[in-house]
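Peer 1: What follows is final_29.txt; its format and atoms are compact mmCIF, C-alpha atoms.
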```txt
# COMPACT_ATOMS: atom_id res chain seq x y z
CA MET L 1 0.00 0.00 0.00
CA ASN L 2 2.70 2.39 1.04
CA ALA L 3 4.75 1.62 -2.03
CA LEU L 4 1.77 2.31 -4.26
CA ARG L 5 1.04 5.57 -2.50
CA ARG L 6 4.64 6.54 -2.97
CA ASN L 7 4.49 5.77 -6.67
CA VAL L 8 1.32 7.76 -7.09
CA LEU L 9 2.85 10.72 -5.34
CA LYS L 10 5.97 10.39 -7.40
CA SER L 11 4.10 10.28 -10.69
CA ALA L 12 1.96 13.23 -9.62
CA ALA L 13 5.09 15.21 -8.88
CA GLY L 14 6.49 14.04 -12.23
CA ALA L 15 3.39 15.14 -14.09
CA SER L 16 3.45 18.59 -12.56
CA ALA L 17 7.12 18.91 -13.45
CA VAL L 18 6.18 18.11 -17.04
CA ALA L 19 3.42 20.71 -16.90
CA VAL L 20 5.91 23.29 -15.70
CA ALA L 21 8.29 22.31 -18.48
CA VAL L 22 5.51 22.60 -21.04
CA ALA L 23 4.54 25.99 -19.70
CA ALA L 24 8.17 27.07 -19.87
CA GLY L 25 8.40 25.69 -23.38
CA LEU L 26 5.22 27.46 -24.41
CA LEU L 27 6.60 30.75 -23.25
CA LYS L 28 9.24 30.65 -25.93
CA PRO L 29 7.02 30.66 -28.99
CA THR L 30 4.89 33.37 -27.40
CA GLN L 31 7.94 35.51 -26.97
CA ALA L 32 9.05 34.77 -30.49
CA MET L 33 5.61 35.76 -31.73
CA ALA L 34 5.85 39.08 -29.95
CA ALA L 35 8.31 40.03 -32.66
CA TRP L 36 5.64 39.46 -35.30
CA ASN L 37 4.15 42.80 -36.24
CA LYS L 38 0.60 42.09 -35.06
CA SER L 39 -0.78 45.62 -35.36
CA ALA L 40 0.41 45.96 -38.96
CA PHE L 41 -0.94 42.58 -40.04
CA GLU L 42 -4.29 43.17 -38.35
CA ALA L 43 -4.67 46.66 -39.78
CA LYS L 44 -7.88 46.95 -41.80
CA ASN L 45 -6.70 49.51 -44.32
CA VAL L 46 -3.58 50.27 -46.29
CA GLY L 47 -2.75 53.46 -44.39
CA ASP L 48 -2.76 51.74 -41.01
CA ALA L 49 -0.82 48.79 -42.37
CA LEU L 50 1.86 51.08 -43.76
CA LYS L 51 1.96 52.97 -40.49
CA GLY L 52 2.34 49.63 -38.72
CA ILE L 53 5.47 48.82 -40.68
CA GLY L 54 6.82 52.30 -40.18
CA VAL L 55 6.26 53.66 -43.69
CA THR L 56 5.09 57.22 -44.30
CA SER L 57 4.45 58.64 -47.76
CA PRO L 58 6.66 56.38 -49.88
CA ALA L 59 7.75 57.81 -53.24
CA ASP L 60 6.41 56.26 -56.44
CA SER L 61 9.17 54.50 -58.28
CA LYS L 62 9.50 53.09 -61.77
CA ASP L 63 12.38 50.92 -60.60
CA ILE L 64 10.06 48.47 -58.92
CA THR L 65 8.56 45.78 -61.08
CA ILE L 66 5.56 43.80 -59.92
CA LYS L 67 4.95 40.70 -61.93
CA ALA L 68 1.44 39.41 -61.31
CA PRO L 69 -1.34 38.22 -63.59
CA ASP L 70 -3.69 40.90 -65.00
CA ILE L 71 -6.55 38.58 -64.29
CA ALA L 72 -6.30 35.97 -61.56
CA GLU L 73 -8.80 33.18 -61.98
CA ASN L 74 -8.26 31.91 -58.49
CA GLY L 75 -7.87 34.53 -55.77
CA ALA L 76 -6.56 31.93 -53.36
CA VAL L 77 -3.34 31.58 -55.31
CA VAL L 78 -2.08 34.71 -57.04
CA PRO L 79 1.59 34.54 -57.98
CA VAL L 80 3.33 37.82 -57.26
CA GLU L 81 6.92 38.65 -58.03
CA VAL L 82 8.49 41.91 -56.91
CA SER L 83 11.87 42.95 -58.20
CA SER L 84 13.66 46.21 -57.90
CA GLY L 85 16.61 47.73 -59.66
CA LEU L 86 17.15 50.12 -56.77
CA ALA L 87 20.49 49.84 -55.01
CA GLY L 88 20.73 48.65 -51.44
CA VAL L 89 17.29 47.12 -50.99
CA THR L 90 16.85 46.18 -47.34
CA SER L 91 13.21 45.16 -47.30
CA ILE L 92 10.19 44.55 -49.48
CA ALA L 93 6.61 44.62 -48.24
CA ILE L 94 3.65 43.31 -50.23
CA LEU L 95 0.08 44.51 -49.73
CA ALA L 96 -3.18 43.54 -51.38
CA GLU L 97 -5.03 46.83 -50.95
CA LYS L 98 -8.61 45.60 -50.77
CA ASN L 99 -8.03 42.55 -48.62
CA ALA L 100 -9.71 42.71 -45.20
CA GLN L 101 -6.17 42.77 -43.83
CA PRO L 102 -4.07 44.36 -46.57
CA LEU L 103 -0.58 43.49 -45.37
CA VAL L 104 0.57 40.23 -46.92
CA GLY L 105 4.12 40.17 -45.71
CA THR L 106 7.34 41.99 -45.13
CA PHE L 107 10.59 40.53 -46.34
CA GLY L 108 13.83 41.75 -44.82
CA LEU L 109 16.80 41.21 -47.10
CA SER L 110 20.45 41.12 -46.11
CA GLY L 111 23.72 39.31 -46.72
CA GLY L 112 23.77 39.82 -50.49
CA ALA L 113 20.09 39.09 -51.07
CA GLU L 114 18.90 40.98 -54.16
CA GLY L 115 15.81 43.15 -54.36
CA PHE L 116 13.64 40.28 -55.40
CA ILE L 117 10.82 38.34 -53.79
CA SER L 118 8.51 35.85 -55.37
CA THR L 119 5.54 34.37 -53.59
CA ARG L 120 1.87 33.47 -53.90
CA ILE L 121 -0.83 35.44 -52.16
CA LYS L 122 -4.57 35.34 -51.45
CA MET L 123 -6.80 38.12 -52.76
CA GLY L 124 -10.40 38.65 -51.72
CA GLN L 125 -11.31 40.78 -54.70
CA THR L 126 -9.95 42.81 -57.60
CA SER L 127 -7.46 45.20 -56.15
CA LEU L 128 -4.12 46.90 -56.45
CA VAL L 129 -1.16 44.83 -55.33
CA ARG L 130 1.30 47.24 -53.80
CA ALA L 131 4.99 46.73 -53.19
CA VAL L 132 6.85 48.94 -50.75
CA VAL L 133 10.60 48.80 -51.05
CA ASN L 134 13.13 50.15 -48.58
CA ALA L 135 16.35 51.00 -50.33
CA GLY L 136 19.24 53.09 -49.11
CA GLY L 137 17.21 54.45 -46.22
CA LYS L 138 14.36 55.63 -48.45
CA THR L 139 10.97 54.15 -49.17
CA TYR L 140 9.61 53.58 -52.64
CA THR L 141 6.39 52.07 -53.85
CA ALA L 142 4.67 50.74 -56.94
CA ALA L 143 1.35 49.06 -57.56
CA LYS L 144 -0.31 46.84 -60.12
CA GLU L 145 -3.95 45.98 -60.48
CA VAL L 146 -4.95 42.34 -60.41
CA LYS L 147 -8.49 41.43 -61.37
CA VAL L 148 -9.84 38.54 -59.35
CA THR L 149 -12.72 36.47 -60.65
CA ILE L 150 -13.04 34.11 -57.67
CA GLY L 151 -12.10 35.47 -54.24
CA GLY L 152 -9.68 33.60 -52.06
CA CYS L 153 -10.57 34.92 -48.64
CA GLY L 154 -13.33 33.02 -46.96
CA GLY L 155 -16.52 31.51 -48.25
CA MET S 1 3.53 17.59 -36.82
CA ALA S 2 5.09 19.79 -39.36
CA GLU S 3 5.31 18.41 -42.86
CA PRO S 4 8.60 18.49 -44.73
CA MET S 5 9.43 21.49 -46.87
CA ARG S 6 11.28 21.59 -50.12
CA ILE S 7 14.13 23.87 -51.08
CA ARG S 8 15.70 24.20 -54.48
CA ALA S 9 18.75 26.39 -54.85
CA THR S 10 20.52 26.87 -58.16
CA MET S 11 23.23 29.20 -59.36
CA ALA S 12 22.56 31.55 -62.28
CA GLY S 13 25.77 33.42 -62.92
CA ASP S 14 26.89 34.76 -59.54
CA VAL S 15 23.37 34.84 -58.18
CA ALA S 16 21.82 32.00 -56.23
CA ASP S 17 18.17 31.46 -57.03
CA VAL S 18 16.47 29.93 -54.00
CA LYS S 19 12.94 28.55 -54.14
CA VAL S 20 11.19 27.27 -51.05
CA LEU S 21 7.92 25.38 -50.81
CA MET S 22 6.52 25.04 -47.30
CA ASN S 23 3.71 22.76 -46.29
CA HIS S 24 1.20 24.69 -44.25
CA PRO S 25 -2.61 25.21 -44.20
CA MET S 26 -2.27 29.02 -43.82
CA GLU S 27 -5.70 29.51 -42.25
CA THR S 28 -6.50 33.20 -41.89
CA GLY S 29 -8.95 32.73 -39.05
CA THR S 30 -11.69 34.47 -41.05
CA ARG S 31 -12.72 31.50 -43.18
CA LYS S 32 -15.83 29.54 -42.22
CA ASP S 33 -16.03 25.80 -42.34
CA ALA S 34 -18.49 24.94 -45.11
CA LYS S 35 -20.13 22.14 -43.07
CA THR S 36 -20.30 23.54 -39.56
CA GLY S 37 -20.44 27.26 -40.29
CA GLN S 38 -17.84 27.77 -37.58
CA LEU S 39 -14.81 29.92 -38.12
CA VAL S 40 -11.70 27.87 -38.83
CA PRO S 41 -9.11 28.93 -36.25
CA ALA S 42 -6.19 30.94 -37.55
CA HIS S 43 -3.14 28.85 -38.28
CA PHE S 44 -0.50 30.41 -40.46
CA ILE S 45 3.24 30.89 -40.69
CA GLN S 46 4.36 34.16 -39.19
CA GLU S 47 8.10 34.20 -39.59
CA VAL S 48 10.41 32.78 -42.19
CA THR S 49 14.16 33.11 -41.99
CA ALA S 50 16.85 31.95 -44.35
CA THR S 51 20.60 31.77 -44.03
CA ILE S 52 23.35 30.84 -46.46
CA ASN S 53 26.40 29.36 -44.77
CA GLY S 54 25.17 30.88 -41.53
CA VAL S 55 24.73 34.41 -42.92
CA ALA S 56 21.18 35.74 -42.66
CA VAL S 57 19.78 36.63 -46.08
CA LEU S 58 16.04 36.72 -45.52
CA ASP S 59 13.95 37.63 -42.50
CA ALA S 60 10.30 37.64 -43.44
CA GLU S 61 7.10 38.23 -41.52
CA ILE S 62 4.03 37.01 -43.29
CA GLY S 63 0.32 36.97 -42.57
CA GLY S 64 -2.62 34.76 -43.43
CA ALA S 65 -2.84 36.39 -46.85
CA VAL S 66 -0.05 34.22 -48.16
CA SER S 67 -1.46 31.23 -50.04
CA LYS S 68 -1.75 27.77 -48.61
CA ASN S 69 1.50 25.80 -48.84
CA PRO S 70 3.50 29.01 -49.21
CA PHE S 71 5.98 29.44 -52.00
CA LEU S 72 8.86 31.81 -51.53
CA GLY S 73 11.56 32.70 -54.00
CA PHE S 74 14.54 34.96 -53.45
CA LYS S 75 17.91 35.65 -55.00
CA VAL S 76 21.24 36.05 -53.31
CA LYS S 77 24.21 37.63 -55.02
CA GLY S 78 27.69 36.37 -54.31
CA ALA S 79 26.61 32.99 -52.99
CA LYS S 80 28.72 30.06 -54.07
CA ALA S 81 27.73 26.65 -55.34
CA GLY S 82 28.01 24.13 -52.52
CA ALA S 83 26.94 26.64 -49.88
CA LYS S 84 24.34 25.49 -47.40
CA VAL S 85 20.91 27.14 -47.40
CA VAL S 86 18.87 26.79 -44.23
CA VAL S 87 15.24 27.93 -44.16
CA SER S 88 13.09 27.84 -41.05
CA TRP S 89 9.64 29.08 -40.10
CA VAL S 90 7.50 29.60 -37.02
CA ASP S 91 3.70 29.71 -37.11
CA ASN S 92 1.16 31.40 -34.86
CA LYS S 93 0.81 28.26 -32.73
CA GLY S 94 4.53 28.13 -32.08
CA ASP S 95 5.10 25.18 -34.41
CA LYS S 96 8.34 25.41 -36.27
CA ASN S 97 10.15 23.65 -39.02
CA SER S 98 13.50 23.91 -40.68
CA ALA S 99 15.13 22.43 -43.74
CA GLU S 100 18.40 22.76 -45.53
CA ALA S 101 19.73 22.31 -49.02
CA THR S 102 22.96 22.77 -50.89
CA ILE S 103 23.22 25.27 -53.71
CA GLY S 104 23.71 23.27 -56.88
```
Go ahead and express the file in the form of structure tokens.
Peer 2:
Amino acid sequence: MNALRRNVLKSAAGASAVAVAVAAGLLKPTQAMAAWNKSAFEAKNVGDALKGIGVTSPADSKDITIKAPDIAENGAVVPVEVSSGLAGVTSIAILAEKNAQPLVGTFGLSGGAEGFISTRIKMGQTSLVRAVVNAGGKTYTAAKEVKVTIGGCGG
Amino acid sequence: MAEPMRIRATMAGDVADVKVLMNHPMETGTRKDAKTGQLVPAHFIQEVTATINGVAVLDAEIGGAVSKNPFLGFKVKGAKAGAKVVVSWVDNKGDKNSAEATIG
């Protein structure tokens, strides 16, 4: 009886130690997520999203090329390619202006990475796809309209 | 558990062309389940980082507006064939995954 009781106590103590470990482990991803720019990604309009990533009045630039289809049949998968001939590109942000949450992503580039990002995005409706490029301490932007025939955000 | 991801890295001149395909549902949290009418909880990759031979080249933050099974392509100047590319991501639930490839 005593031995059993001891084992039960031991396993209870073991279980709580595990729980503590899990809690400690869970703290890490939460902290990592704190770095994720929540306010910018949850912004409901382009202005707030740009403010969230620290961009104010970017200059229009012809040196940014956005390669995306003129008409996207499937809004859930719209290939977008942003490239820039600007020197010293440090980051590229992509926004789908009429999405409920316009900010798609920000891409920090370093270590020889060129001003180029290619990805696939979701678009709720026909809208401008905007690229915001940070180069040499300045901010530039360009946009391209993509017509969406079937939305890709929700049912 | 996290599914494997695929990386393809090739040299074009002195520029490495890296293409990454991650396996992830990328749920925005605003989509409704067609059968139950309930919102599908958000589950998407938030951070993607890439290094070449230990040097950071890409540090991306993405939202639910990136398509399911995200594709990401980037180019790195001055990389050498044989260098090791490591790509890792973290999603909003704290899941993470990492993969590596050699530039060919």
Peer 1: Define the interface residues of chain S facing chain L as those within 9 Å, counting only C-alpha atoms, and report them as a VMD selection string.
Peer 2: chain S and resid 15 to 16 19 28 30 to 34 46 to 48 51 to 52 55 to 68 70 to 79 90 to 95
Peer 1: Might you pull out every residue within 6 Å of S:Val86, with only C-alpha atoms counted and same-chain residues fewer than 6 positions away left off, and present them as a JSON list (two decimals) with C-alpha atoms, in the coordinates of the input?
Peer 2:
```json
[["chain", "number", "residue", "atom", "x", "y", "z"],
["S", 50, "ALA", "CA", 16.85, 31.95, -44.35],
["S", 51, "THR", "CA", 20.60, 31.77, -44.03],
["S", 99, "ALA", "CA", 15.13, 22.43, -43.74],
["S", 100, "GLU", "CA", 18.40, 22.76, -45.53]]
```
Peer 1: What lies within 8 Å of S:Met11 using all atoms listed in the file, ignoring chain neighbours under 4 positions off, as a PDB file with C-alpha atoms, in the frame of the given file?
Peer 2:
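That gives us result-v2.pdb:
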```
ATOM      1  CA  VAL S  15      23.370  34.840 -58.180  1.00  0.00           C
ATOM      2  CA  ALA S  16      21.820  32.000 -56.230  1.00  0.00           C
ATOM      3  CA  ASP S  17      18.170  31.460 -57.030  1.00  0.00           C
ATOM      4  CA  LYS S  80      28.720  30.060 -54.070  1.00  0.00           C
ATOM      5  CA  ALA S  81      27.730  26.650 -55.340  1.00  0.00           C
ATOM      6  CA  ILE S 103      23.220  25.270 -53.710  1.00  0.00           C
ATOM      7  CA  GLY S 104      23.710  23.270 -56.880  1.00  0.00           C
TER       8      GLY S 104
END
```
Peer 1: To one decimal place, how far is atom CA of L:Ala72 from atom CA of L:Lys144 in Å?
Peer 2: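 Going from atom CA of L:Ala72 over to atom CA of L:Lys144, I get 12.5 Å.
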Peer 1: Can you work out the spacing between atom CA of L:Ser127 and atom CA of L:Lys67 in Å, to one decimal?
Peer 2: 14.4 Å
Peer 1: In Å, how far is it from atom CA of S:Pro4 to atom CA of S:Trp89?
Peer 2: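 Distance reported for this atom pair: 11.6 Å.
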Peer 1: Which residue, S:Gly82, S:Val87, S:Thr102, S:Met5, has the smallest gap to S:Asn23 when you use all atoms listed in the file?
Peer 2: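 Closest to S:Asn23, using all atoms listed in the file: S:Met5.
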Peer 1: List as a PyMOL selection string: which residues have an atom within 10 Å of (-6.7, 27.6, -32.0), counting all atoms listed in the file?
Peer 2: chain S and resi 29+40-43+92-93
Peer 1: Could you list, as a PDB file with C-alpha atoms, in the frame of the given file, every residue within 12 Å of L:Tyr140, counting only C-alpha atoms and ignoring same-chain residues fewer than 6 positions away?
Peer 2:
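Below is the file around_24.pdb, written as the result:
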```pdb
ATOM      1  CA  VAL L  55       6.260  53.660 -43.690  1.00  0.00           C
ATOM      2  CA  THR L  56       5.090  57.220 -44.300  1.00  0.00           C
ATOM      3  CA  SER L  57       4.450  58.640 -47.760  1.00  0.00           C
ATOM      4  CA  PRO L  58       6.660  56.380 -49.880  1.00  0.00           C
ATOM      5  CA  ALA L  59       7.750  57.810 -53.240  1.00  0.00           C
ATOM      6  CA  ASP L  60       6.410  56.260 -56.440  1.00  0.00           C
ATOM      7  CA  SER L  61       9.170  54.500 -58.280  1.00  0.00           C
ATOM      8  CA  LYS L  62       9.500  53.090 -61.770  1.00  0.00           C
ATOM      9  CA  ASP L  63      12.380  50.920 -60.600  1.00  0.00           C
ATOM     10  CA  ILE L  64      10.060  48.470 -58.920  1.00  0.00           C
ATOM     11  CA  THR L  65       8.560  45.780 -61.080  1.00  0.00           C
ATOM     12  CA  SER L  84      13.660  46.210 -57.900  1.00  0.00           C
ATOM     13  CA  GLY L  85      16.610  47.730 -59.660  1.00  0.00           C
ATOM     14  CA  LEU L  86      17.150  50.120 -56.770  1.00  0.00           C
ATOM     15  CA  ALA L  87      20.490  49.840 -55.010  1.00  0.00           C
ATOM     16  CA  VAL L  89      17.290  47.120 -50.990  1.00  0.00           C
ATOM     17  CA  THR L  90      16.850  46.180 -47.340  1.00  0.00           C
ATOM     18  CA  SER L  91      13.210  45.160 -47.300  1.00  0.00           C
ATOM     19  CA  ILE L  92      10.190  44.550 -49.480  1.00  0.00           C
ATOM     20  CA  ALA L  93       6.610  44.620 -48.240  1.00  0.00           C
ATOM     21  CA  ARG L 130       1.300  47.240 -53.800  1.00  0.00           C
ATOM     22  CA  ALA L 131       4.990  46.730 -53.190  1.00  0.00           C
ATOM     23  CA  VAL L 132       6.850  48.940 -50.750  1.00  0.00           C
ATOM     24  CA  VAL L 133      10.600  48.800 -51.050  1.00  0.00           C
ATOM     25  CA  ASN L 134      13.130  50.150 -48.580  1.00  0.00           C
TER      26      ASN L 134
END
```
Peer 1: For a quick check of understanding, using all atoms listed in the file, which of S:Gly37, S:Ala12, S:Asn69, S:Ile7 has the smallest distance to S:Pro25?
Peer 2: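 For S:Pro25, the nearest of the candidates is S:Asn69.
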Peer 1: When you count all atoms listed in the file, which of these residues is closest to L:Ile150: L:Ile66, L:Val46, L:Ile71, L:Leu128?
Peer 2: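 Looking at the shortest contact to L:Ile150, the residue is L:Ile71.
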Peer 1: Restricting the calculation to all atoms listed in the file: of S:Ile45, S:Met26, S:Leu39, S:Ala101, which residue gets closest to S:Arg6?
Peer 2: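 Of S:Ile45, S:Met26, S:Leu39, S:Ala101, the one nearest S:Arg6 is S:Ala101, counting all atoms listed in the file.
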